[in-house]
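Since the structure comes first, as structure tokens, the remarks are kept for the end.
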Amino acid sequence: MSERFCVGSLESLSESEGTQVEVHGCPIAVFKKGQEVFAIGDTCPHMGAPLSDGFVDEQSVVCPWHGWSFDFKTGESPFDEDVRVPVYQVVIEGGQVYLEVEQPATEAKLDSSES
């Protein structure tokens with residue numbers, strides 16, 4: 001089951017740089033391209049750089065530390081087919097931008113009492 005989180009208005013997002021938001025302690029990078037918005041995991045799997053600080057091009061963001069790029073739609077990197085960042089669903093309603101994020105798993109409580 002997913003939860004919806006408001007990022008802000010479409011108008012407030014910059015097209016020249018990313019915006020970092022945090023959901024359930026997880027950093028997410030949000031990017032605006034025209035009237036589209038994309039959201040991916042904000043941590044570069046190569047060296048841990050914040051992708052929201054990266055360089056934005058037409059279809060991807062380039063890591064600010066070492067130049068790895070990640071596709072907005074797939075999270076894939078052309079540098080290594082086994083490396084990708086998570087991609088999050090974005091919904092725009094009434095000029096507001098929302099992320100659809102899966103709820104984190106909770107630990108099951110075991111009943112250790114004897115019957």
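FYI, nothing fancy with the structure tokens labels: chains A, B, ... in order, residues from 1 per chain, ligands from 1 as they appear.
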Hey, what's within 9 Å of region 29-41 of chain A if we count only C-alpha atoms and toss same-chain stuff fewer than 5 positions away? As a PyMOL selection string, please?
chain A and resi 7+10+13-22+50-53+56+58-59+61+70-75+85-92+97+99
Identify all residues of chain A in strand (DSSP E) (DSSP on the backbone) and supply them as an MDAnalysis selection string.
chainID A and resid 2:9 19:23 26:33 36:41 55:56 60:62 69:71 76:77 80:84 87:93 96:102
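Between CA of His46 (chain A) and CA of Val83 (chain A) there is a distance of 8.5 Å.
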What lies within 12 Å of Gly48 (chain A) using only C-alpha atoms, ignoring chain neighbours under 5 positions off, as an mmCIF file with C-alpha atoms, in the first residue's frame?
```
data_model
loop_
_atom_site.group_PDB
_atom_site.id
_atom_site.type_symbol
_atom_site.label_atom_id
_atom_site.label_comp_id
_atom_site.auth_asym_id
_atom_site.auth_seq_id
_atom_site.Cartn_x
_atom_site.Cartn_y
_atom_site.Cartn_z
ATOM 1 C CA PRO A 27 16.002 11.180 0.916
ATOM 2 C CA GLY A 41 16.361 8.158 -4.717
ATOM 3 C CA ASP A 42 18.618 11.047 -3.726
ATOM 4 C CA THR A 43 21.718 9.005 -2.874
ATOM 5 C CA ASP A 53 22.671 18.643 -6.119
ATOM 6 C CA CYS A 63 26.047 13.033 -9.980
ATOM 7 C CA PRO A 64 27.882 16.142 -8.746
ATOM 8 C CA TRP A 65 30.847 14.162 -7.403
ATOM 9 C CA HIS A 66 31.926 11.707 -10.105
ATOM 10 C CA TRP A 68 27.550 9.087 -13.018
ATOM 11 C CA VAL A 85 18.387 4.317 -7.997
#
```
Could you please determine the separation between CA of Pro78 (chain A) and CA of Ser60 (chain A) in Å, to one decimal place?
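These atoms are spaced 10.6 Å apart.
Going from CA of Ser9 (chain A) to CA of Glu76 (chain A) covers 27.1 Å.
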